[in-house]
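This is coords_39.txt. It holds compact mmCIF, C-alpha atoms.
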# COMPACT_ATOMS: atom_id res chain seq x y z
CA MET Z 39 3.87 -39.49 101.61
CA VAL Z 40 4.91 -36.16 103.15
CA SER Z 41 3.10 -35.21 106.33
CA ARG Z 42 1.72 -31.74 106.88
CA ASP Z 43 3.56 -31.64 110.20
CA ASP Z 44 6.89 -32.28 108.46
CA ILE Z 45 6.24 -29.39 106.13
CA LEU Z 46 5.13 -27.09 108.94
CA SER Z 47 8.09 -27.94 111.13
CA VAL Z 48 10.43 -26.99 108.28
CA LEU Z 49 8.48 -23.77 107.66
CA ARG Z 50 8.99 -22.95 111.36
CA THR Z 51 12.74 -22.85 110.76
CA ILE Z 52 12.39 -20.11 108.14
CA ASP Z 53 12.69 -16.65 109.65
CA ASP Z 54 11.35 -13.48 108.15
CA PRO Z 55 14.64 -11.84 107.07
CA GLU Z 56 13.57 -8.50 108.56
CA MET Z 57 11.82 -9.62 111.73
CA ALA Z 58 13.71 -12.38 113.59
CA ILE Z 59 10.67 -14.65 113.96
CA SER Z 60 9.54 -17.52 111.80
CA ILE Z 61 7.15 -16.99 108.93
CA VAL Z 62 4.71 -19.32 110.74
CA ASP Z 63 4.77 -17.23 113.94
CA LEU Z 64 4.34 -14.08 111.85
CA GLY Z 65 1.19 -15.58 110.35
CA LEU Z 66 2.38 -15.45 106.74
CA VAL Z 67 1.53 -19.08 105.98
CA GLU Z 68 -2.09 -19.25 104.92
CA ARG Z 69 -2.27 -22.72 103.39
CA VAL Z 70 -0.18 -25.86 102.98
CA GLN Z 71 -1.22 -28.30 100.28
CA ASP Z 72 0.41 -31.57 99.30
CA ALA Z 73 -0.56 -33.71 96.32
CA ASP Z 74 1.73 -36.74 96.11
CA GLY Z 75 4.85 -34.76 96.88
CA HIS Z 76 3.84 -31.67 94.91
CA VAL Z 77 3.69 -29.06 97.64
CA THR Z 78 1.97 -25.68 97.33
CA ILE Z 79 2.35 -23.01 99.99
CA ASP Z 80 0.11 -19.91 100.09
CA ILE Z 81 1.83 -16.88 101.61
CA LEU Z 82 0.18 -13.63 102.70
CA PRO Z 83 2.49 -10.60 102.52
CA THR Z 84 2.35 -8.12 105.42
CA PHE Z 85 2.50 -5.34 102.83
CA VAL Z 86 2.10 -5.71 99.08
CA GLY Z 87 5.51 -4.06 98.60
CA CYS Z 88 7.34 -6.22 101.16
CA HIS Z 89 10.96 -6.57 100.06
CA ALA Z 90 11.45 -9.77 102.02
CA LEU Z 91 9.09 -11.79 99.81
CA PRO Z 92 11.58 -13.02 97.19
CA VAL Z 93 13.94 -14.14 99.99
CA ILE Z 94 11.12 -15.92 101.83
CA GLU Z 95 9.97 -17.59 98.61
CA SER Z 96 13.39 -18.94 97.73
CA GLU Z 97 14.00 -20.14 101.30
CA ILE Z 98 10.71 -22.06 101.27
CA ARG Z 99 11.59 -23.67 97.95
CA ARG Z 100 15.11 -24.57 99.03
CA LYS Z 101 14.20 -26.03 102.42
CA LEU Z 102 11.03 -27.91 101.44
CA ALA Z 103 12.71 -29.45 98.39
CA ALA Z 104 15.18 -31.07 100.79
CA ILE Z 105 12.42 -33.07 102.55
CA PRO Z 106 12.41 -36.69 101.34
CA GLY Z 107 9.32 -37.34 99.24
CA VAL Z 108 8.87 -33.73 98.08
CA SER Z 109 9.19 -33.55 94.31
CA SER Z 110 8.10 -29.97 93.62
CA VAL Z 111 7.45 -26.80 95.61
CA GLN Z 112 5.26 -23.95 94.52
CA VAL Z 113 4.88 -20.70 96.47
CA GLN Z 114 1.82 -18.57 95.80
CA ILE Z 115 1.55 -14.97 97.03
CA CYS Z 116 -2.08 -14.35 98.01
CA TYR Z 117 -3.90 -11.16 98.91
CA SER Z 118 -7.00 -12.61 100.49
CA PRO Z 119 -7.54 -12.71 103.41
CA PRO Z 120 -5.40 -9.60 104.04
CA TRP Z 121 -2.65 -10.19 106.61
CA ASN Z 122 -2.97 -8.31 109.89
CA VAL Z 123 -1.36 -8.38 113.35
CA ASP Z 124 -3.98 -10.80 114.72
CA ARG Z 125 -2.21 -13.51 112.74
CA ILE Z 126 0.96 -13.30 114.86
CA THR Z 127 1.23 -16.10 117.45
CA PRO Z 128 1.77 -15.34 121.19
CA ALA Z 129 5.29 -16.78 120.92
CA GLY Z 130 5.96 -14.55 117.93
CA ARG Z 131 4.74 -11.51 119.83
CA ALA Z 132 7.02 -12.28 122.77
CA THR Z 133 10.07 -12.67 120.51
CA LEU Z 134 9.35 -9.46 118.62
CA ARG Z 135 9.00 -7.57 121.89
CA LYS Z 136 12.35 -8.92 123.05
CA HIS Z 137 13.83 -7.44 119.86
CA GLY Z 138 12.29 -4.03 120.55
CA ILE Z 139 9.31 -4.33 118.23
CA ALA Z 140 5.92 -3.64 119.80
CA VAL Z 141 2.86 -5.35 118.34
CA PRO Z 142 -0.63 -3.84 118.64
CA GLU Z 143 -2.76 -6.15 120.77
CA SER Z 144 -5.51 -6.32 118.19
CA ALA Z 145 -6.04 -5.47 114.53
CA ASP Z 146 -9.44 -4.13 115.48
CA PRO Z 147 -9.01 -0.37 116.00
CA THR Z 148 -12.18 -0.17 118.10
CA ILE Z 149 -10.59 -2.32 120.79
CA GLU Z 150 -8.82 -0.18 123.36
CA THR Z 151 -5.27 -1.36 123.90
CA ARG Z 152 -2.56 -0.45 126.37
CA GLU Z 153 0.56 -0.12 124.30
CA SER Z 154 3.84 0.03 126.16
CA CYS Z 155 7.55 0.43 125.51
CA PRO Z 156 9.00 -3.00 124.68
CA TRP Z 157 12.23 -2.07 126.51
CA CYS Z 158 10.98 -0.74 129.87
CA GLY Z 159 7.22 -1.26 129.82
CA SER Z 160 6.40 2.44 130.26
CA LEU Z 161 3.10 3.69 128.84
CA ASP Z 162 4.59 7.13 128.21
CA ILE Z 163 5.35 6.65 124.53
CA ARG Z 164 4.89 8.63 121.34
CA GLN Z 165 5.04 8.04 117.62
CA GLU Z 166 8.04 9.61 115.89
CA SER Z 167 7.20 8.62 112.34
CA PRO Z 168 4.29 6.78 110.73
CA PHE Z 169 6.84 5.21 108.37
CA GLY Z 170 9.85 3.10 109.27
CA PRO Z 171 12.65 0.82 108.12
CA THR Z 172 10.23 -1.67 106.55
CA ARG Z 173 6.79 -1.28 105.04
CA CYS Z 174 5.05 -2.80 108.07
CA ARG Z 175 6.72 -0.82 110.87
CA THR Z 176 6.54 2.66 112.42
CA ILE Z 177 9.08 4.45 114.62
CA TRP Z 178 8.27 5.32 118.26
CA TYR Z 179 10.02 6.89 121.24
CA CYS Z 180 9.77 6.12 124.94
CA GLU Z 181 9.75 9.19 127.20
CA ALA Z 182 10.64 7.10 130.27
CA CYS Z 183 13.74 5.17 129.15
CA HIS Z 184 14.54 7.53 126.24
CA ASN Z 185 14.91 4.71 123.76
CA PRO Z 186 13.45 4.52 120.28
CA PHE Z 187 11.53 1.41 119.33
CA GLU Z 188 9.45 0.15 116.44
CA ARG Z 189 5.85 -0.88 116.28
CA LEU Z 190 4.05 -2.98 113.70
CA LYS Z 191 1.21 -1.43 111.74
CA ARG Z 192 -2.09 -3.17 112.25
CA VAL Z 193 -2.72 -3.22 108.48
CA ALA Z 194 -6.46 -3.12 108.75
CA LEU Z 195 -9.07 -0.57 107.86
CA GLY Z 196 -8.93 1.89 110.70
CA ASP Z 197 -5.19 2.46 110.63
CA LEU Z 198 -6.16 6.07 110.15
CA MET Z 199 -7.53 6.33 113.65
CA GLU Z 200 -4.38 4.87 115.04
CA LEU Z 201 -2.07 7.10 113.03
CA SER Z 202 -3.97 10.22 113.95
CA LEU Z 203 -3.45 9.56 117.66
CA GLY Z 204 0.21 10.38 117.19
CA ARG Z 205 0.93 10.49 120.86
CA LEU Z 206 -0.50 7.85 123.16
CA ARG Z 207 -0.77 8.66 126.86
CA HIS Z 208 -2.60 6.41 129.24
CA MET V 80 -17.12 -14.14 89.24
CA ASP V 81 -13.61 -15.40 88.61
CA ARG V 82 -13.58 -15.13 84.82
CA ILE V 83 -14.71 -12.41 82.48
CA SER V 84 -16.03 -12.65 78.96
CA GLU V 85 -13.79 -11.91 75.97
CA ASP V 86 -15.55 -8.67 75.06
CA LEU V 87 -14.87 -7.22 78.52
CA LYS V 88 -11.18 -8.10 78.62
CA GLN V 89 -9.91 -5.07 76.73
CA PRO V 90 -12.00 -2.56 78.75
CA LEU V 91 -10.82 -4.22 81.96
CA VAL V 92 -7.18 -4.07 80.88
CA GLU V 93 -7.62 -0.38 80.04
CA LEU V 94 -8.96 0.27 83.55
CA ILE V 95 -6.28 -1.76 85.33
CA LEU V 96 -3.53 -0.12 83.28
CA SER V 97 -4.86 3.35 84.09
CA ILE V 98 -4.42 2.63 87.82
CA ALA V 99 -1.11 0.81 87.43
CA ASP V 100 0.36 3.51 85.17
CA ASP V 101 -0.71 6.28 87.57
CA LYS V 102 0.99 4.48 90.43
CA PHE V 103 4.09 3.51 88.47
CA ILE V 104 4.80 6.98 87.16
CA LEU V 105 3.87 8.74 90.42
CA GLY V 106 6.08 6.34 92.38
CA HIS V 107 8.92 7.01 89.94
CA ARG V 108 8.57 10.79 90.22
CA ASN V 109 8.31 10.72 94.02
CA SER V 110 11.31 8.43 94.41
CA ASP V 111 13.41 11.42 93.31
CA TRP V 112 13.00 12.70 96.89
CA THR V 113 14.86 9.77 98.43
CA GLY V 114 17.89 11.34 100.09
CA LEU V 115 16.76 14.85 99.17
CA ALA V 116 13.47 15.48 101.00
CA PRO V 117 13.46 18.59 103.22
CA ILE V 118 13.40 16.63 106.50
CA LEU V 119 14.42 13.10 107.45
CA GLU V 120 10.88 11.95 108.35
CA GLU V 121 9.62 13.00 104.94
CA ASP V 122 12.56 11.30 103.27
CA ILE V 123 11.48 8.04 104.90
CA ALA V 124 7.82 8.77 104.21
CA PHE V 125 8.18 9.59 100.51
CA SER V 126 10.51 6.64 99.98
CA SER V 127 7.95 4.35 101.62
CA LEU V 128 5.07 5.85 99.67
CA SER V 129 6.97 5.41 96.41
CA GLN V 130 7.70 1.79 97.23
CA ASP V 131 4.01 1.26 97.91
CA GLU V 132 2.97 2.85 94.63
CA ILE V 133 5.43 0.83 92.56
CA SER V 134 4.52 -2.41 94.35
CA HIS V 135 0.81 -1.70 93.81
CA ALA V 136 1.57 -1.10 90.14
CA THR V 137 3.44 -4.42 89.96
CA VAL V 138 0.48 -6.41 91.27
CA LEU V 139 -1.86 -4.66 88.83
CA TYR V 140 0.51 -5.14 85.87
CA GLN V 141 0.65 -8.85 86.75
CA MET V 142 -3.11 -9.03 86.72
CA ALA V 143 -3.39 -7.22 83.37
CA ALA V 144 -0.59 -9.38 81.93
CA GLY V 145 -2.56 -12.51 82.83
CA LEU V 146 -5.57 -11.20 80.91
CA VAL V 147 -3.77 -10.43 77.66
CA GLU V 148 -1.01 -13.05 77.84
CA THR V 149 2.04 -10.87 78.20
CA THR V 150 4.35 -10.10 81.14
CA ALA V 151 4.25 -7.40 83.80
CA ASP V 152 7.70 -6.16 82.69
CA LYS V 153 6.57 -5.79 79.08
CA LEU V 154 3.55 -3.78 80.21
CA ALA V 155 5.58 -1.60 82.55
CA TYR V 156 8.53 -0.94 80.25
CA GLY V 157 7.71 -2.11 76.76
CA ARG V 158 4.90 0.12 75.54
CA LYS V 159 4.98 3.21 73.35
CA PRO V 160 4.15 6.52 75.09
CA GLU V 161 0.67 6.67 73.53
CA GLU V 162 -0.10 3.20 74.92
CA TYR V 163 0.24 4.35 78.53
CA ARG V 164 -2.98 5.23 80.35
CA CYS V 165 -1.75 7.44 83.22
CA ALA V 166 -3.29 10.84 83.85
CA GLN V 167 -1.08 13.78 82.89
CA ILE V 168 -0.78 15.04 86.47
CA VAL V 169 1.55 12.17 87.47
CA GLU V 170 3.91 12.89 84.58
CA LEU V 171 4.82 16.48 85.34
CA SER V 172 8.30 17.26 86.59
CA HIS V 173 8.37 18.56 90.16
CA ASP V 174 11.62 20.49 89.63
CA PHE V 175 12.37 19.70 93.26
CA ASP V 176 9.57 21.92 94.49
CA TRP V 177 8.40 20.15 97.65
CA ALA V 178 5.02 21.90 97.67
CA PHE V 179 4.39 20.71 94.12
CA SER V 180 5.04 17.07 95.04
CA VAL V 181 2.91 17.24 98.19
CA CYS V 182 -0.02 18.83 96.34
CA ARG V 183 0.23 16.35 93.47
CA ASP V 184 0.10 13.44 95.92
CA PHE V 185 -2.88 15.08 97.57
CA PHE V 186 -4.91 14.98 94.34
CA CYS V 187 -3.69 11.51 93.37
CA ASP V 188 -3.92 9.71 96.72
CA HIS V 189 -7.48 10.82 97.36
CA PHE V 190 -8.49 9.73 93.90
CA ASP V 191 -6.70 6.38 94.26
CA TYR V 192 -8.39 5.74 97.58
CA LEU V 193 -11.84 6.29 96.07
CA ARG V 194 -11.03 4.27 92.96
CA LEU V 195 -9.71 1.30 94.94
CA SER V 196 -12.58 1.40 97.45
CA ARG V 197 -14.93 1.28 94.50
CA LEU V 198 -13.09 -1.68 92.98
CA ALA V 199 -13.08 -3.54 96.31
CA ARG V 200 -16.81 -4.05 95.55
CA SER V 201 -16.15 -5.31 92.02
CA SER V 202 -18.03 -8.35 90.74
CA TYR V 203 -14.73 -9.59 89.28
CA THR V 204 -13.34 -11.38 92.34
CA PRO V 205 -9.58 -11.29 91.58
CA LEU V 206 -9.70 -7.52 91.18
CA ALA V 207 -11.94 -7.03 94.23
CA GLN V 208 -9.50 -9.00 96.40
CA VAL V 209 -6.45 -7.07 95.27
CA ALA V 210 -8.24 -3.73 95.62
CA ALA V 211 -9.41 -4.64 99.14
CA ARG V 212 -5.80 -5.46 100.02
CA LEU V 213 -4.55 -2.11 98.67
CA VAL V 214 -7.17 0.11 100.34
CA PRO V 215 -5.65 0.04 103.87
CA GLU V 216 -2.26 0.97 102.42
CA GLU V 217 -3.77 3.79 100.40
CA GLU V 218 -5.54 4.97 103.54
CA ILE V 219 -2.15 5.52 105.14
CA HIS V 220 -1.11 7.65 102.15
CA VAL V 221 -4.23 9.79 102.38
CA HIS V 222 -3.80 10.36 106.06
CA HIS V 223 -0.16 11.32 105.69
CA ILE V 224 -0.72 13.72 102.82
CA ASP V 225 -3.68 15.39 104.57
CA THR V 226 -1.50 15.99 107.62
CA LEU V 227 1.17 17.61 105.43
CA MET V 228 -1.41 19.75 103.60
CA LYS V 229 -2.76 21.11 106.88
CA ARG V 230 0.64 21.74 108.42
CA LEU V 231 2.10 23.47 105.38
CA GLY V 232 -1.12 25.27 104.40
CA SER V 233 -1.49 26.80 107.86
CA GLY V 234 2.21 27.10 108.64
CA THR V 235 4.21 30.22 107.82
CA LYS V 236 3.30 32.74 105.15
CA GLU V 237 5.97 31.25 102.92
CA SER V 238 4.76 27.66 103.31
CA HIS V 239 1.17 28.76 102.74
CA ASP V 240 2.03 30.75 99.60
CA ARG V 241 4.10 27.92 98.15
CA MET V 242 1.27 25.44 98.72
CA GLN V 243 -1.33 27.80 97.28
CA ASN V 244 0.82 28.37 94.23
CA ALA V 245 1.36 24.62 93.69
CA LEU V 246 -2.37 23.89 94.06
CA GLU V 247 -3.18 26.51 91.45
CA ARG V 248 -0.63 25.08 89.03
CA LEU V 249 -1.91 21.54 89.45
CA ALA V 250 -5.68 22.06 89.68
CA PRO V 251 -6.20 22.54 85.90
CA VAL V 252 -4.66 19.14 85.10
CA ALA V 253 -5.87 17.29 88.22
CA SER V 254 -9.34 16.59 86.78
CA GLY V 255 -7.69 14.41 84.13
CA LEU V 256 -7.53 11.73 86.85
CA VAL V 257 -11.29 11.30 86.55
CA GLU V 258 -11.31 10.90 82.76
CA PRO V 259 -13.07 7.58 81.98
CA THR V 260 -11.06 4.80 80.39
CA LYS V 261 -12.12 3.31 77.07
CA GLY V 262 -15.08 0.94 77.55
CA SER V 263 -15.52 1.76 81.25
CA GLU V 264 -19.30 2.04 80.73
CA LEU V 265 -19.36 -1.68 79.85
CA LEU V 266 -17.53 -2.49 83.09
CA GLU V 267 -19.97 -0.36 85.04
CA LYS V 268 -22.94 -2.17 83.53
CA GLN V 269 -21.55 -5.52 84.75
CA ASP V 270 -20.61 -4.16 88.20
CA ILE V 271 -16.97 -4.90 87.46
CA TYR V 272 -16.42 -1.19 88.11
CA PRO V 273 -19.46 -0.46 90.31
CA VAL V 274 -21.19 2.86 89.67
CA THR V 275 -20.94 5.41 92.44
CA ASN V 276 -23.46 7.94 93.54
CA PRO V 277 -22.39 10.76 93.85
CA SER V 278 -20.09 10.58 90.82
CA MET V 279 -16.34 10.07 91.22
CA PHE V 280 -15.67 13.71 90.39
CA GLU V 281 -18.19 14.94 92.96
CA ALA V 282 -16.99 12.58 95.70
CA TRP V 283 -13.33 13.34 95.03
CA SER V 284 -13.65 17.11 94.70
CA LYS V 285 -15.83 17.34 97.80
CA LYS V 286 -13.31 15.44 99.90
CA ILE V 287 -10.24 17.34 98.76
CA ARG V 288 -12.03 20.67 99.09
CA GLN V 289 -12.80 19.85 102.74
CA VAL V 290 -9.13 19.18 103.42
CA ALA V 291 -8.04 22.27 101.49
CA ASP V 292 -10.45 24.37 103.57
CA ALA V 293 -9.04 22.92 106.79
CA ALA V 294 -5.56 23.67 105.43
CA ASN V 295 -6.50 27.31 104.80
CA LEU V 296 -5.98 26.84 101.05
CA LYS V 297 -8.21 27.85 98.15
CA LEU V 298 -9.03 25.24 95.58
CA SER V 299 -11.09 25.52 92.45
CA LEU V 300 -11.67 22.48 90.25
CA ARG V 301 -13.68 21.98 87.12
CA PRO V 302 -14.65 18.63 85.64
CA MET V 303 -13.12 17.66 82.29
CA ARG V 304 -15.37 18.42 79.34
CA PRO V 305 -16.62 15.31 77.53
CA ASP V 306 -14.80 16.38 74.34
CA GLU V 307 -11.43 16.75 76.10
CA ILE V 308 -8.93 13.94 75.67
CA GLY V 309 -6.20 13.15 78.19
CA GLY V 310 -3.91 10.45 79.46
CA ARG V 311 -6.56 7.75 79.73
CA ARG V 312 -6.81 7.81 75.93
CA GLY V 313 -3.06 8.05 75.43
CA ARG V 314 -2.65 11.81 75.09
CA HIS V 315 0.19 12.78 77.38
CA SER V 316 2.06 15.89 78.46
CA SER V 317 5.09 17.14 76.55
CA GLU V 318 7.32 15.80 79.33
CA PHE V 319 6.12 12.21 79.17
CA ALA V 320 8.25 10.89 76.28
CA ALA V 321 11.47 12.04 77.97
CA LEU V 322 10.37 10.57 81.30
CA LEU V 323 9.60 7.21 79.71
CA ASP V 324 12.85 7.26 77.78
CA GLU V 325 14.79 7.60 81.05
CA LEU V 326 12.64 5.10 82.93
CA THR V 327 12.99 2.36 80.29
CA GLU V 328 16.62 2.93 79.34
CA VAL V 329 18.00 -0.18 81.05
CA TYR V 330 15.08 -2.38 79.98
CA ARG V 331 15.56 -1.46 76.33
CA LEU V 332 19.21 -2.58 76.40
CA GLU V 333 18.07 -6.21 76.82
CA PRO V 334 14.28 -6.59 76.93
CA GLU V 335 14.39 -10.36 77.45
CA ALA V 336 16.86 -10.27 80.36
CA ALA V 337 15.77 -12.03 83.53
CA TRP V 338 15.92 -9.86 86.68
Take the structure I supplied and represent it as structure tokens, if you would.
Amino acid sequence: MVSRDDILSVLRTIDDPEMAISIVDLGLVERVQDADGHVTIDILPTFVGCHALPVIESEIRRKLAAIPGVSSVQVQICYSPPWNVDRITPAGRATLRKHGIAVPESADPTIETRESCPWCGSLDIRQESPFGPTRCRTIWYCEACHNPFERLKRVALGDLMELSLGRLRH
Amino acid sequence: MDRISEDLKQPLVELILSIADDKFILGHRNSDWTGLAPILEEDIAFSSLSQDEISHATVLYQMAAGLVETTADKLAYGRKPEEYRCAQIVELSHDFDWAFSVCRDFFCDHFDYLRLSRLARSSYTPLAQVAARLVPEEEIHVHHIDTLMKRLGSGTKESHDRMQNALERLAPVASGLVEPTKGSELLEKQDIYPVTNPSMFEAWSKKIRQVADAANLKLSLRPMRPDEIGGRRGRHSSEFAALLDELTEVYRLEPEAAW
């Protein structure tokens, strides 16, 4: 008998190859099922075109298959519910910030948030490009410490409002 | 509902392929700008948009493949030109005219956004879920392209004239996007492709005209006549066969190869 905790603790050791936090902290793991050693993991992609998915899939298969009692591993990519930034854990947020990636406080665009530079904390920041190095990130610039940083897209209806702000001043 | 009856399978596949083929071919055309777009930000943007389009196409090909027991690769690369269901506008060569590519995306992204929003309400749950997942991504495309339209349309005289010229070249073929797929009326009756009021053409043309107005550009569109046949029924532009030949060259060397 494989315990759910065993499976989850192994999943916590698998990092998103583009994000430096675990797939659990990033909120990609939607469901863990075990039927007599036949394990099925449901994964929600941040973006449909996420390039990291095949790597994440093969890592899950490789690492879970090594758990005693696991006889098969299936990874299913699911589109419902849609992933959004609310699924990231507080620990995940803190780690991302340390790596220079800001995370919107809420996926709900009607909630007013105080975004700040992950390097120096300044609120004097502006968006450089609504597209970035991966599908889920945008490029920003801090006017105070003159460093670029990245920010995750909310990936929720209402991204439009956010993108049209362009420059955030508080 | 999670399953559809046998008689609706073919109409549904026609509809899904029309969306997937639009996205696949548009993504392929736009990926030409990677490394060559006029400014760095647009290089990143068009590369990202192309990735989105091709990944959206992949998910839709997978869904269609499940309905007719084939593979996504065979659908994407293994059909004859007349079996593709894309609208002719996505096929045309841009000849590295930036205004042409921006204006083409303008027509296509707005139409895609409406089409996917409509499908997010589909009674066929698997399709509704995928469409709902794609809408926020398509929303980003629409916003980006509208920003470009306004900046270039109201920029310098040269940028304005280039945009106006591209719009006029594309407008006559753009309406082909709205051409119904074979059997779509059956899907509408079952709410698999929910009917819209106003019609797709009205909703789409109204929205893009608003943006064109704000961009200081003139746009005149006419709906396709019912007797006209276009890409949704397999009639493609003269450029399509050559495009497909290039796109499928590697696949045809070894169709059964695993990637």
Restricting the calculation to all atoms listed in the file, which member of V:Phe186, V:Tyr163, V:Trp283, V:Trp338 is positioned closest to chain Z?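 Nearest to chain Z: V:Trp338.
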Where is the centre and how long are the edges: axis-aligned box on region 186-192 of chain Z, 4 Å on each side, Å to one decimal, as AutoDock Vina command-line options:
--center_x 5.7 --center_y 0.7 --center_z 116.0 --size_x 23.5 --size_y 15.7 --size_z 16.5
Could you write out as a list in words the residues of chain V within 9 Å of chain Z, counting all atoms listed in the file? Glu120, Glu121, Ile123, Ala124, Ser127, Leu128, Gln130, Asp131, Glu132, Ile133, Ser134, His135, Thr137, Val138, Gln208, Val209, Ala211, Arg212, Leu213, Val214, Pro215, Glu216, Glu218, Ile219, Val221, His222, His223 and Thr226 of chain V
Work out how far apart CA of Cys187 (chain V) and CA of His220 (chain V) are and give it in Å to one decimal. 9.9 Å
Excluding Lys286 (chain V) and any residue of its chain fewer than 3 positions from it, enumerate the residues within 12 Å of it, using only C-alpha atoms, and give them as a PyMOL selection string. chain V and resi 185-186+188-190+192-193+221+225+277+279-283+289-293+298
What gap, in Å, lies between CA of Asp122 (chain V) and CA of Leu134 (chain Z)? 26.0 Å
Top pick for closest residue to Leu91 (chain Z), considering Z:Ile163, Z:Ile61, Z:Cys180, Z:Ala103 and counting all atoms listed in the file: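 Nearest candidate to Leu91 (chain Z) out of Z:Ile163, Z:Ile61, Z:Cys180, Z:Ala103: Z:Ile61.
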Residue contacts of Glu188 (chain Z) (7 Å, all atoms listed in the file) excluding same-chain residues fewer than 2 positions away, as a list in words: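 Result of the neighbour search: Gly138, Ile139, Ala140, Arg175, Thr176, Ile177, Trp178 and Leu190 of chain Z.
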Between CA of Arg152 (chain Z) and CA of Ser60 (chain Z), what distance in Å does the model show, to one decimal?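 Answer for the CA of Arg152 (chain Z) to CA of Ser60 (chain Z) separation: 25.5 Å.
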